[in-house]
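With CSV, C-alpha atoms inside, this is entry.csv:
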```csv
chain,number,residue,atom,x,y,z
N,1174,MET,CA,-133.8,7.4,3.4
N,1175,ALA,CA,-131.3,6.6,6.0
N,1176,ILE,CA,-128.6,5.8,3.5
N,1177,LYS,CA,-128.9,8.9,1.4
N,1178,LYS,CA,-125.9,10.8,2.6
N,1179,THR,CA,-123.2,8.1,2.4
N,1180,THR,CA,-122.4,5.2,0.2
N,1181,PRO,CA,-124.1,2.2,1.7
N,1182,THR,CA,-122.1,0.6,4.5
N,1183,LYS,CA,-123.1,-2.8,5.5
N,1184,VAL,CA,-125.4,-1.5,8.2
N,1185,GLY,CA,-127.0,1.1,6.0
N,1186,PHE,CA,-127.5,-1.5,3.3
N,1187,PHE,CA,-129.5,-3.9,5.6
N,1188,GLN,CA,-131.3,-1.0,7.2
N,1189,SER,CA,-132.5,0.0,3.8
N,1190,LEU,CA,-133.6,-3.5,3.2
N,1191,ALA,CA,-135.7,-3.5,6.2
N,1192,SER,CA,-137.7,-0.4,5.3
N,1193,ALA,CA,-140.6,-1.1,3.0
N,1194,PRO,CA,-140.0,1.1,-0.1
N,1195,SER,CA,-136.4,0.0,-0.8
N,1196,THR,CA,-137.4,-3.7,-0.5
N,1197,ASP,CA,-139.9,-2.9,-3.1
N,1198,GLU,CA,-137.3,-1.4,-5.4
N,1199,PHE,CA,-135.5,-4.7,-5.2
N,1200,ILE,CA,-138.5,-7.0,-5.6
N,1201,LYS,CA,-140.1,-5.1,-8.5
N,1202,GLY,CA,-137.2,-6.0,-10.9
N,1203,LEU,CA,-137.5,-9.7,-10.1
N,1204,TRP,CA,-141.2,-10.0,-10.9
N,1205,ARG,CA,-143.6,-7.1,-11.3
N,1206,GLU,CA,-141.4,-5.1,-13.6
N,1207,ASN,CA,-139.2,-7.9,-14.9
N,1208,PRO,CA,-137.1,-6.4,-17.6
N,1209,THR,CA,-137.5,-9.3,-20.0
N,1210,PHE,CA,-141.0,-10.6,-19.4
N,1211,VAL,CA,-142.9,-7.4,-18.6
N,1212,GLN,CA,-140.9,-4.6,-20.1
N,1213,VAL,CA,-139.6,-6.6,-23.1
N,1214,LEU,CA,-136.3,-4.8,-23.0
N,1215,GLY,CA,-132.8,-6.2,-23.8
N,1216,MET,CA,-134.1,-8.7,-26.2
N,1217,CYS,CA,-130.9,-9.3,-28.2
N,1218,PRO,CA,-128.8,-11.1,-25.6
N,1219,THR,CA,-132.0,-12.7,-24.2
N,1220,LEU,CA,-132.5,-14.5,-27.5
N,1221,ALA,CA,-128.9,-14.9,-28.7
N,1222,VAL,CA,-127.1,-16.6,-25.9
N,1223,THR,CA,-129.8,-18.7,-24.3
N,1224,ASN,CA,-129.1,-21.9,-26.2
N,1225,SER,CA,-127.6,-23.4,-23.1
N,1226,LEU,CA,-128.2,-22.7,-19.4
N,1227,THR,CA,-124.5,-22.1,-18.7
N,1228,ASN,CA,-124.3,-19.3,-21.3
N,1229,ALA,CA,-127.6,-17.8,-20.1
N,1230,LEU,CA,-126.4,-17.7,-16.5
N,1231,ALA,CA,-123.0,-16.2,-17.3
N,1232,MET,CA,-124.6,-13.6,-19.5
N,1233,GLY,CA,-127.2,-12.7,-16.9
N,1234,LEU,CA,-124.7,-12.4,-14.2
N,1235,ALA,CA,-122.3,-10.3,-16.3
N,1236,THR,CA,-125.2,-8.0,-17.2
N,1237,ALA,CA,-126.3,-7.8,-13.6
N,1238,PHE,CA,-122.8,-6.8,-12.5
N,1239,VAL,CA,-122.6,-4.0,-15.1
N,1240,LEU,CA,-126.1,-2.9,-14.2
N,1241,VAL,CA,-125.3,-2.6,-10.4
N,1242,ALA,CA,-122.0,-0.9,-11.0
N,1243,SER,CA,-123.2,1.6,-13.6
N,1244,ASN,CA,-126.4,2.3,-11.6
N,1245,GLY,CA,-124.2,3.1,-8.5
N,1246,LEU,CA,-121.7,5.3,-10.3
N,1247,ILE,CA,-124.3,7.2,-12.3
N,1248,SER,CA,-126.4,7.7,-9.2
N,1249,SER,CA,-123.4,9.1,-7.3
N,1250,LEU,CA,-122.5,11.4,-10.2
N,1251,ARG,CA,-126.1,12.4,-10.9
N,1252,ASN,CA,-125.7,16.0,-9.6
N,1253,PHE,CA,-122.5,16.6,-11.6
N,1254,ILE,CA,-123.6,15.3,-15.0
N,1255,PRO,CA,-124.9,18.2,-17.3
N,1256,LYS,CA,-128.3,17.4,-18.6
N,1257,GLN,CA,-127.5,17.9,-22.2
N,1258,VAL,CA,-124.7,15.2,-22.4
N,1259,ARG,CA,-126.2,12.8,-19.9
N,1260,ILE,CA,-126.9,10.0,-22.3
N,1261,ALA,CA,-123.3,10.1,-23.8
N,1262,THR,CA,-121.9,10.1,-20.2
N,1263,TYR,CA,-124.0,7.1,-19.2
N,1264,ILE,CA,-122.9,5.2,-22.3
N,1265,LEU,CA,-119.3,5.9,-21.6
N,1266,ILE,CA,-119.6,4.7,-18.0
N,1267,ILE,CA,-121.4,1.6,-19.1
N,1268,ALA,CA,-118.8,0.9,-21.8
N,1269,THR,CA,-116.1,1.2,-19.2
N,1270,PHE,CA,-117.6,-1.5,-17.0
N,1271,VAL,CA,-118.4,-3.7,-19.9
N,1272,THR,CA,-114.7,-3.6,-21.0
N,1273,LEU,CA,-113.8,-4.5,-17.5
N,1274,ILE,CA,-116.1,-7.6,-17.4
N,1275,ASP,CA,-115.1,-8.5,-20.9
N,1276,TYR,CA,-111.4,-8.8,-20.0
N,1277,SER,CA,-112.2,-10.5,-16.7
N,1278,ILE,CA,-114.3,-13.2,-18.4
N,1279,GLN,CA,-111.5,-13.7,-20.9
N,1280,ALA,CA,-109.0,-14.1,-18.1
N,1281,THR,CA,-111.1,-16.6,-16.1
N,1282,SER,CA,-112.6,-18.8,-18.8
N,1283,VAL,CA,-111.6,-18.7,-22.4
N,1284,SER,CA,-114.2,-21.2,-23.5
N,1285,LEU,CA,-117.0,-19.2,-22.0
N,1286,HIS,CA,-115.7,-16.1,-23.6
N,1287,LYS,CA,-115.6,-17.8,-26.9
N,1288,SER,CA,-119.2,-19.2,-26.7
N,1289,LEU,CA,-120.6,-15.8,-25.6
N,1290,GLY,CA,-118.6,-14.1,-28.3
N,1291,ALA,CA,-119.3,-10.5,-29.2
N,1292,PHE,CA,-122.3,-10.5,-27.0
N,1293,ILE,CA,-120.3,-9.6,-23.9
N,1294,SER,CA,-119.2,-6.4,-25.7
N,1295,LEU,CA,-122.8,-5.9,-26.8
N,1296,ILE,CA,-123.9,-5.5,-23.1
N,1297,VAL,CA,-123.1,-1.9,-23.7
N,1298,VAL,CA,-126.1,-1.5,-25.9
N,1299,ASN,CA,-128.4,-3.5,-23.7
N,1300,CYS,CA,-131.4,-1.2,-23.4
N,1301,VAL,CA,-132.1,-2.5,-19.9
N,1302,ILE,CA,-128.9,-0.8,-18.5
N,1303,LEU,CA,-129.3,2.5,-20.2
N,1304,GLY,CA,-133.0,2.4,-19.4
N,1305,ARG,CA,-132.4,2.0,-15.7
N,1306,ALA,CA,-129.7,4.7,-15.7
N,1307,GLU,CA,-132.1,7.1,-17.3
N,1308,ALA,CA,-135.3,6.1,-15.5
N,1309,PHE,CA,-134.0,5.3,-12.1
N,1310,ALA,CA,-130.3,6.0,-11.2
N,1311,SER,CA,-130.4,9.6,-12.5
N,1312,LYS,CA,-133.1,10.5,-10.0
N,1313,ASN,CA,-132.5,8.3,-6.9
N,1314,SER,CA,-130.0,7.9,-4.1
N,1315,ILE,CA,-127.1,5.5,-4.4
N,1316,GLY,CA,-128.5,2.9,-2.1
N,1317,LEU,CA,-131.8,2.7,-3.9
N,1318,SER,CA,-130.1,2.7,-7.3
N,1319,LEU,CA,-127.8,-0.2,-6.3
N,1320,LEU,CA,-130.9,-2.2,-5.1
N,1321,ASP,CA,-132.7,-1.4,-8.2
N,1322,GLY,CA,-129.8,-2.5,-10.3
N,1323,LEU,CA,-129.5,-5.7,-8.3
N,1324,GLY,CA,-133.2,-6.5,-8.6
N,1325,MET,CA,-133.3,-5.8,-12.3
N,1326,GLY,CA,-130.1,-7.7,-12.9
N,1327,LEU,CA,-131.3,-10.7,-11.0
N,1328,GLY,CA,-134.7,-10.5,-12.8
N,1329,PHE,CA,-132.8,-10.4,-16.1
N,1330,THR,CA,-130.7,-13.4,-15.0
N,1331,PHE,CA,-133.9,-15.3,-14.0
N,1332,ALA,CA,-135.5,-14.6,-17.3
N,1333,LEU,CA,-132.4,-15.7,-19.2
N,1334,SER,CA,-132.2,-18.9,-17.2
N,1335,CYS,CA,-135.9,-19.7,-17.9
N,1336,LEU,CA,-135.2,-19.5,-21.6
N,1337,GLY,CA,-131.9,-21.3,-21.3
N,1338,THR,CA,-133.3,-24.2,-19.3
N,1339,LEU,CA,-136.2,-24.8,-21.8
N,1340,ARG,CA,-134.0,-24.5,-24.8
N,1341,GLU,CA,-131.2,-26.7,-23.6
N,1342,ILE,CA,-133.5,-29.4,-22.3
N,1343,MET,CA,-135.6,-29.6,-25.5
N,1344,GLY,CA,-132.9,-28.8,-28.0
N,1345,ASN,CA,-130.1,-30.8,-26.6
N,1346,GLY,CA,-131.6,-33.1,-24.0
N,1347,SER,CA,-129.2,-31.9,-21.4
N,1348,LEU,CA,-128.9,-29.4,-18.5
N,1349,PHE,CA,-125.6,-27.6,-17.8
N,1350,ASN,CA,-124.2,-29.8,-20.6
N,1351,PHE,CA,-125.1,-32.9,-18.5
N,1352,PRO,CA,-127.4,-35.3,-20.5
N,1353,ILE,CA,-130.7,-36.0,-18.7
N,1354,PHE,CA,-132.7,-38.0,-21.1
N,1355,GLY,CA,-130.2,-40.5,-22.2
N,1356,PRO,CA,-129.0,-41.3,-25.8
N,1357,ALA,CA,-132.4,-42.3,-27.1
N,1358,TYR,CA,-133.7,-38.7,-26.9
N,1359,GLN,CA,-134.4,-37.2,-30.2
N,1360,GLU,CA,-133.3,-33.5,-30.0
N,1361,TRP,CA,-135.6,-30.7,-31.1
N,1362,VAL,CA,-132.9,-29.0,-33.2
N,1363,VAL,CA,-135.2,-26.1,-33.9
N,1364,MET,CA,-135.0,-25.0,-30.2
N,1365,ILE,CA,-131.2,-24.5,-30.5
N,1366,LEU,CA,-131.5,-22.7,-33.8
N,1367,PRO,CA,-132.3,-18.9,-33.8
N,1368,ALA,CA,-136.0,-19.5,-34.6
N,1369,GLY,CA,-136.3,-21.5,-31.3
N,1370,GLY,CA,-135.2,-18.4,-29.4
N,1371,PHE,CA,-138.2,-16.5,-30.7
N,1372,PHE,CA,-140.6,-19.4,-30.0
N,1373,THR,CA,-139.3,-20.1,-26.5
N,1374,LEU,CA,-139.6,-16.4,-25.5
N,1375,ALA,CA,-143.2,-16.4,-27.0
N,1376,ILE,CA,-144.0,-19.5,-25.0
N,1377,TRP,CA,-142.8,-18.1,-21.7
N,1378,LEU,CA,-144.6,-14.8,-22.3
N,1379,LEU,CA,-147.8,-16.8,-23.1
N,1380,PHE,CA,-147.3,-18.8,-19.9
N,1381,PHE,CA,-146.9,-15.7,-17.7
N,1382,ASN,CA,-149.9,-14.0,-19.4
N,1383,LEU,CA,-152.0,-17.1,-18.6
N,1384,LEU,CA,-150.8,-17.0,-15.0
N,1385,LYS,CA,-151.6,-13.3,-14.7
N,1386,LYS,CA,-155.1,-13.9,-16.2
N,1387,LYS,CA,-155.7,-16.7,-13.8
N,1388,SER,CA,-154.7,-14.8,-10.7
N,1389,SER,CA,-156.7,-11.7,-11.7
N,1390,LYS,CA,-159.9,-13.7,-12.0
S,8,MET,CA,-107.3,-11.0,-44.4
S,9,THR,CA,-110.1,-13.2,-45.7
S,10,ASN,CA,-110.4,-14.5,-49.1
S,11,GLU,CA,-114.2,-14.0,-49.5
S,12,SER,CA,-115.2,-12.0,-52.5
S,13,LEU,CA,-117.1,-8.8,-52.0
S,14,PHE,CA,-120.3,-10.3,-53.3
S,15,GLN,CA,-120.0,-13.2,-50.9
S,16,ILE,CA,-119.6,-10.9,-48.0
S,17,PHE,CA,-122.7,-9.0,-49.1
S,18,ILE,CA,-124.9,-12.1,-49.4
S,19,ASN,CA,-123.5,-13.5,-46.2
S,20,ALA,CA,-124.3,-10.3,-44.2
S,21,SER,CA,-127.7,-9.6,-45.7
S,22,LEU,CA,-129.3,-13.1,-46.1
S,23,VAL,CA,-127.4,-16.0,-44.8
S,24,ASN,CA,-126.3,-14.5,-41.5
S,25,ASN,CA,-129.1,-11.9,-41.4
S,26,PHE,CA,-128.4,-9.7,-38.4
S,27,VAL,CA,-131.9,-9.8,-37.1
S,28,LEU,CA,-133.1,-13.3,-37.8
S,29,ALA,CA,-129.9,-15.3,-37.4
S,30,TYR,CA,-127.8,-13.2,-35.0
S,31,PHE,CA,-130.6,-11.6,-32.9
S,32,LEU,CA,-129.2,-8.2,-33.2
S,33,GLY,CA,-131.4,-5.1,-33.3
S,34,ILE,CA,-134.4,-6.9,-32.0
S,35,CYS,CA,-135.7,-3.9,-30.1
S,36,PRO,CA,-136.4,-1.8,-33.2
S,37,PHE,CA,-137.4,-4.9,-35.0
S,38,LEU,CA,-140.2,-5.5,-32.5
S,39,GLY,CA,-140.9,-1.8,-31.9
S,40,VAL,CA,-141.0,-0.1,-35.3
S,41,SER,CA,-142.2,-3.0,-37.5
S,42,GLY,CA,-145.9,-1.9,-37.3
S,43,LYS,CA,-146.1,-0.2,-40.7
S,44,ILE,CA,-144.2,-0.8,-43.9
S,45,GLU,CA,-143.5,2.9,-44.5
S,46,THR,CA,-141.9,3.6,-41.1
S,47,ALA,CA,-140.1,0.3,-41.2
S,48,SER,CA,-138.4,1.0,-44.5
S,49,LYS,CA,-137.3,4.5,-43.5
S,50,MET,CA,-136.0,3.2,-40.1
S,51,GLY,CA,-134.1,0.6,-42.1
S,52,ALA,CA,-132.6,3.3,-44.3
S,53,ALA,CA,-131.5,5.4,-41.3
S,54,VAL,CA,-129.9,2.3,-39.6
S,55,THR,CA,-128.1,1.4,-42.8
S,56,PHE,CA,-126.7,4.9,-43.1
S,57,VAL,CA,-125.4,4.9,-39.5
S,58,MET,CA,-124.0,1.4,-40.0
S,59,VAL,CA,-121.9,2.4,-43.1
S,60,ILE,CA,-120.6,5.6,-41.5
S,61,SER,CA,-119.7,3.8,-38.2
S,62,ALA,CA,-118.1,0.9,-40.1
S,63,VAL,CA,-115.8,3.3,-41.9
S,64,CYS,CA,-115.0,5.1,-38.7
S,65,ALA,CA,-114.4,1.8,-36.8
S,66,TYR,CA,-112.0,0.8,-39.5
S,67,GLY,CA,-110.0,3.9,-39.0
S,68,ILE,CA,-110.2,3.8,-35.2
S,69,HIS,CA,-109.0,0.2,-35.2
S,70,LYS,CA,-105.9,1.1,-37.2
S,71,VAL,CA,-105.1,4.0,-34.8
S,72,LEU,CA,-105.7,1.9,-31.7
S,73,THR,CA,-103.4,-0.8,-33.1
S,74,ILE,CA,-100.7,1.7,-33.6
S,75,ILE,CA,-100.9,3.2,-30.1
S,76,GLN,CA,-101.5,-0.3,-28.6
S,77,ALA,CA,-104.7,0.5,-26.7
S,78,PRO,CA,-107.2,-2.2,-27.8
S,79,PHE,CA,-109.1,-1.8,-24.6
S,80,LEU,CA,-110.3,1.6,-25.8
S,81,GLU,CA,-112.0,0.0,-28.8
S,82,LEU,CA,-115.5,-0.5,-27.4
S,83,ILE,CA,-115.6,3.0,-25.9
S,84,SER,CA,-114.4,4.8,-29.0
S,85,TYR,CA,-116.8,2.8,-31.3
S,86,ILE,CA,-119.8,3.7,-29.2
S,87,VAL,CA,-118.9,7.4,-29.1
S,88,VAL,CA,-118.6,7.5,-32.9
S,89,ILE,CA,-122.0,5.7,-33.3
S,90,ALA,CA,-123.6,8.1,-30.8
S,91,ALA,CA,-122.3,11.1,-32.8
S,92,THR,CA,-123.5,9.7,-36.1
S,93,VAL,CA,-126.9,9.0,-34.7
S,94,GLN,CA,-127.1,12.6,-33.4
S,95,LEU,CA,-126.3,13.8,-37.0
S,96,VAL,CA,-129.0,11.7,-38.6
S,97,GLU,CA,-131.5,12.8,-36.0
S,98,MET,CA,-130.8,16.5,-36.7
S,99,PHE,CA,-131.1,15.8,-40.4
S,100,ILE,CA,-134.4,14.0,-40.2
S,101,LYS,CA,-135.8,16.5,-37.8
S,102,LYS,CA,-135.1,19.2,-40.4
S,103,ALA,CA,-135.9,17.3,-43.6
S,104,SER,CA,-139.1,15.5,-42.5
S,105,PRO,CA,-140.8,16.3,-39.2
S,106,THR,CA,-143.5,13.8,-39.8
S,107,LEU,CA,-141.0,10.9,-40.1
S,108,PHE,CA,-139.3,12.3,-37.0
S,109,LYS,CA,-142.5,11.9,-35.1
S,110,ALA,CA,-143.3,8.5,-36.5
S,111,LEU,CA,-139.9,7.1,-35.5
S,112,GLY,CA,-140.3,8.7,-32.1
S,113,ILE,CA,-138.1,7.3,-29.3
S,114,PHE,CA,-136.6,4.7,-31.6
S,115,LEU,CA,-134.5,7.3,-33.5
S,116,PRO,CA,-132.2,8.2,-30.6
S,117,LEU,CA,-132.3,4.6,-29.6
S,118,ILE,CA,-130.4,3.7,-32.8
S,119,THR,CA,-127.4,4.4,-30.7
S,120,THR,CA,-128.2,1.4,-28.5
S,121,ASN,CA,-129.1,-0.7,-31.6
S,122,CYS,CA,-126.8,-3.7,-31.1
S,123,ALA,CA,-126.7,-4.4,-34.8
S,124,ILE,CA,-124.6,-1.3,-35.4
S,125,LEU,CA,-122.0,-1.9,-32.7
S,126,ALA,CA,-122.0,-5.5,-33.8
S,127,VAL,CA,-121.1,-4.6,-37.4
S,128,ALA,CA,-118.1,-2.6,-36.1
S,129,LEU,CA,-117.0,-5.4,-33.8
S,130,PHE,CA,-117.5,-8.2,-36.2
S,131,GLN,CA,-115.6,-6.5,-39.0
S,132,THR,CA,-112.7,-5.9,-36.7
S,133,ASN,CA,-112.7,-9.5,-35.6
S,134,LYS,CA,-112.8,-10.7,-39.1
S,135,GLY,CA,-110.0,-8.4,-40.2
S,136,TYR,CA,-111.8,-6.9,-43.1
S,137,GLY,CA,-110.1,-4.3,-45.2
S,138,PHE,CA,-111.7,-0.9,-46.0
S,139,LEU,CA,-113.8,-1.9,-49.0
S,140,GLU,CA,-114.8,-5.2,-47.4
S,141,SER,CA,-115.9,-3.3,-44.3
S,142,VAL,CA,-118.1,-0.9,-46.3
S,143,VAL,CA,-119.7,-3.8,-48.2
S,144,TYR,CA,-120.2,-5.8,-45.0
S,145,ALA,CA,-122.0,-2.8,-43.3
S,146,LEU,CA,-124.1,-2.2,-46.4
S,147,GLY,CA,-125.1,-5.9,-46.5
S,148,ALA,CA,-126.0,-5.9,-42.8
S,149,GLY,CA,-128.0,-2.7,-43.2
S,150,ILE,CA,-129.9,-4.0,-46.2
S,151,GLY,CA,-130.5,-7.3,-44.4
S,152,PHE,CA,-131.9,-5.4,-41.4
S,153,THR,CA,-134.2,-3.3,-43.6
S,154,LEU,CA,-135.4,-6.5,-45.4
S,155,ALA,CA,-136.3,-8.2,-42.1
S,156,LEU,CA,-138.0,-5.1,-40.8
S,157,VAL,CA,-140.1,-4.6,-44.0
S,158,LEU,CA,-141.0,-8.3,-44.3
S,159,MET,CA,-142.1,-8.2,-40.6
S,160,ALA,CA,-144.1,-5.0,-41.1
S,161,GLY,CA,-145.9,-6.6,-44.1
S,162,VAL,CA,-147.0,-9.6,-42.1
S,163,ARG,CA,-148.0,-7.5,-39.1
S,164,GLU,CA,-150.1,-5.2,-41.3
S,165,ARG,CA,-152.1,-8.2,-42.4
S,166,ALA,CA,-152.2,-9.7,-38.9
S,167,ASP,CA,-153.8,-6.5,-37.6
S,168,LEU,CA,-156.8,-7.2,-39.8
S,169,SER,CA,-157.3,-10.8,-38.7
S,170,THR,CA,-158.8,-12.1,-35.5
S,171,VAL,CA,-156.4,-13.6,-33.1
S,172,PRO,CA,-157.1,-14.8,-29.6
S,173,ASN,CA,-156.7,-12.0,-27.0
S,174,ILE,CA,-154.1,-13.8,-25.0
S,175,VAL,CA,-151.5,-13.8,-27.8
S,176,LYS,CA,-152.1,-10.3,-29.1
S,177,GLY,CA,-149.1,-7.9,-29.2
S,178,THR,CA,-145.6,-9.1,-28.4
S,179,ILE,CA,-146.3,-12.8,-28.4
S,180,LEU,CA,-147.9,-12.8,-31.8
S,181,THR,CA,-145.0,-10.8,-33.1
S,182,LEU,CA,-142.5,-13.2,-31.6
S,183,PHE,CA,-144.2,-16.2,-33.2
S,184,ILE,CA,-144.1,-14.4,-36.6
S,185,ALA,CA,-140.5,-13.6,-36.1
S,186,GLY,CA,-139.7,-17.2,-35.3
S,187,ILE,CA,-141.4,-18.4,-38.6
S,188,LEU,CA,-139.5,-15.7,-40.5
S,189,SER,CA,-136.3,-16.8,-39.0
S,190,LEU,CA,-137.0,-20.4,-40.1
S,191,THR,CA,-137.6,-19.3,-43.7
S,192,PHE,CA,-134.3,-17.4,-43.7
S,193,MET,CA,-132.5,-20.6,-42.9
S,194,GLY,CA,-133.3,-21.6,-46.4
S,195,PHE,CA,-130.5,-19.2,-47.5
S,196,ALA,CA,-128.0,-21.2,-45.5
S,197,GLY,CA,-126.7,-23.1,-48.6
S,198,LEU,CA,-125.9,-19.8,-50.4
S,199,GLY,CA,-123.1,-18.7,-48.1
S,200,THR,CA,-119.6,-19.7,-47.1
S,201,GLN,CA,-119.7,-21.0,-43.5
```
Target encoding structure tokens, full file:
Amino acid sequence: MAIKKTTPTKVGFFQSLASAPSTDEFIKGLWRENPTFVQVLGMCPTLAVTNSLTNALAMGLATAFVLVASNGLISSLRNFIPKQVRIATYILIIATFVTLIDYSIQATSVSLHKSLGAFISLIVVNCVILGRAEAFASKNSIGLSLLDGLGMGLGFTFALSCLGTLREIMGNGSLFNFPIFGPAYQEWVVMILPAGGFFTLAIWLLFFNLLKKKSSK
Amino acid sequence: MTNESLFQIFINASLVNNFVLAYFLGICPFLGVSGKIETASKMGAAVTFVMVISAVCAYGIHKVLTIIQAPFLELISYIVVIAATVQLVEMFIKKASPTLFKALGIFLPLITTNCAILAVALFQTNKGYGFLESVVYALGAGIGFTLALVLMAGVRERADLSTVPNIVKGTILTLFIAGILSLTFMGFAGLGTQ
């Protein structure tokens, strides 16, 4: 890889985009190995904060930031971390970034911080992040790890938005808190309730399974 | 301080605000280890144990961090304590019951990243519980988690024997069952203090 020896400068970053394998690292997280729909990882935030699209997007982007940052740092330290304590080290690195984003969200939007609640802190224990650190960042160069983190993070955001859109439209008759069906719409309260999270995820998985089945025929 | 009684805290944590079915915490082991009742109940016991230990530690850590005025270290120190406790439990189970160790597999070290445990520590800090309240809260949450896991395992054991369409087999079926379980747990809503 061209970018192996240095941290990716702008040129190196785009060069790496042009070469086929690294583009693949980015694309795979979005679709083929989507963390939510294919790997079924990181379920807790996926179900808990997707009752509106705003929450889902914020959560997805916060997770993506932590994922990219921790992937980059872990990858750059991969030759210095002793094998025996690697998991503990990863968790510490992740927890540091999560504390950072937690305080930044609190500083920029108190209402958002309130509606996401403890789930921002709980990004620490999102299996997607630790999973990528262990499976990818600990073995690959910084550039590739950053791309992988970005791809997985955006894939996660995409999945959360899918769930958030469906749940908010059906459960609240609105999108981004903006009513789209008018006052006569009877809300499906169940979609906003916890049970709706399970159902919506099941419906999306079913939808993607059907798509896959159709395309393989 | 809150003025809930200990019993109320317990019922709230285990049934009304069940961690798995109402708060969506600890979904990964909930979907992963709920295949058999036996494994599920032991997994539940291990999680409950870690929860209580880490709740006690979190109580102490919060006191210390308040004194030295470093609340931003909270998250990092909680996760370290949890990781250490999980390591302890892992070593114990490996020694005491190698078969159980095998059955739990990857999900045993993954207790560290079980959000329910970190959530117990964070929630009890937010709610300002005292020592005894924290322990009861953690115990209730753990028992609620075990209950959800065992119920789920019971349904899944039956579902394995029945014929379902190929397209919904696996995760999708589990999610639908979980949704229905979650609906039934809403029946407890009247019991608690909101």
Fill in: Test item: chain N residues at most 8 Å from chain S, counting only C-alpha atoms, as a PyMOL selection string
chain N and resi 1214-1218+1220-1221+1261+1264-1265+1268-1269+1272+1291+1294-1295+1297-1300+1367-1372+1374-1376+1378-1379+1382-1383
Item to complete: Check the smallest atom-to-atom distance from each of S:Phe108, S:Phe195, S:Tyr66, S:Phe17 to Tyr136 in chain S using all atoms listed in the file, then report the winner.
Response: S:Tyr66
Discussion item. List the spatial neighbours of Trp1361 in chain N as a ChimeraX atom specification - criterion: any atom at most 10 Å away, all atoms listed in the file, same-chain residues fewer than 2 positions off excluded.
Written reply: /N:1340-1346,1358-1359,1363-1366,1369
Write the residues of the selection above to a file with C-alpha atoms, as a tab-separated table (two decimals), in the frame of the given file.
```tsv
chain	number	residue	atom	x	y	z
N	1340	ARG	CA	-134.00	-24.50	-24.80
N	1341	GLU	CA	-131.20	-26.70	-23.60
N	1342	ILE	CA	-133.50	-29.40	-22.30
N	1343	MET	CA	-135.60	-29.60	-25.50
N	1344	GLY	CA	-132.90	-28.80	-28.00
N	1345	ASN	CA	-130.10	-30.80	-26.60
N	1346	GLY	CA	-131.60	-33.10	-24.00
N	1358	TYR	CA	-133.70	-38.70	-26.90
N	1359	GLN	CA	-134.40	-37.20	-30.20
N	1363	VAL	CA	-135.20	-26.10	-33.90
N	1364	MET	CA	-135.00	-25.00	-30.20
N	1365	ILE	CA	-131.20	-24.50	-30.50
N	1366	LEU	CA	-131.50	-22.70	-33.80
N	1369	GLY	CA	-136.30	-21.50	-31.30
```
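Proximity to Gly1245 in chain N was assessed for N:Ser1282, N:Thr1262, N:Thr1227, N:Ser1311 counting all atoms listed in the file; the smallest distance is recorded for N:Ser1311.
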If we count all atoms listed in the file, what is near range 63-65 of chain S at a cut-off of 8 Å, once residues fewer than 6 positions away on the same chain are taken out, given as a PDB file with C-alpha atoms, keeping the file's coordinate frame?
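Contents of result.pdb, as written:
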```
ATOM      1  CA  TYR S  85    -116.800   2.800 -31.300  1.00  0.00           C
ATOM      2  CA  VAL S  88    -118.600   7.500 -32.900  1.00  0.00           C
ATOM      3  CA  ALA S 128    -118.100  -2.600 -36.100  1.00  0.00           C
ATOM      4  CA  THR S 132    -112.700  -5.900 -36.700  1.00  0.00           C
ATOM      5  CA  PHE S 138    -111.700  -0.900 -46.000  1.00  0.00           C
ATOM      6  CA  SER S 141    -115.900  -3.300 -44.300  1.00  0.00           C
ATOM      7  CA  VAL S 142    -118.100  -0.900 -46.300  1.00  0.00           C
TER       8      VAL S 142
END
```
Worksheet entry | Closest of N:Ile1200, N:Ala1280, N:Ala1357, N:Ile1247 to Ser1314 in chain N - atom-to-atom distances counting all atoms listed in the file | N:Ile1247
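Here CA of Phe56 in chain S and CA of Ala145 in chain S stand 9.0 Å from one another.
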Could you name the residues that touch Phe1331 in chain N at 8 Å or less, counting all atoms listed in the file, but leaving out those on the same chain fewer than 4 positions away, as a PDB file with C-alpha atoms, keeping the file's coordinate frame?
```pdb
ATOM      1  CA  LEU N1203    -137.500  -9.700 -10.100  1.00  0.00           C
ATOM      2  CA  GLY N1233    -127.200 -12.700 -16.900  1.00  0.00           C
ATOM      3  CA  LEU N1327    -131.300 -10.700 -11.000  1.00  0.00           C
ATOM      4  CA  CYS N1335    -135.900 -19.700 -17.900  1.00  0.00           C
TER       5      CYS N1335
END
```
Worksheet item: Smallest atom-to-atom distance to Glu164 in chain S: which of S:Val93, S:Ile74, S:Ala62, S:Ile44, using all atoms listed in the file?
Response: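 Answer, going by the shortest atom-to-atom distance: S:Ile44.
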Worksheet item: Which value, in Å to one decimal, gives the distance between CA of Tyr1276 in chain N and CA of Ile68 in chain S?
Response: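 It comes out at 19.8 Å.
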Worksheet item: CA of Leu1234 in chain N to CA of Gly177 in chain S: how many Å, to one decimal?
Response: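 Distance reported for this atom pair: 29.0 Å.
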Worksheet entry | Proximity to Leu154 in chain S - best of S:Leu72, S:Ile100, S:Leu13, S:Leu22, all atoms listed in the file | S:Leu22
Worksheet item: Which of these residues is nearest to Ile1315 in chain N, using all atoms listed in the file: N:Thr1281, N:Gln1212, N:Ser1243, N:Ser1249?
Response: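 For Ile1315 in chain N, the nearest of the candidates is N:Ser1249.
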Worksheet item: Near range 51-54 of chain S, within 7 Å and counting all atoms listed in the file, which residues show up once chain neighbours fewer than 6 positions away are dropped, as a list in words?
Response: Ile118, Gly149, Phe152 and Thr153 of chain S
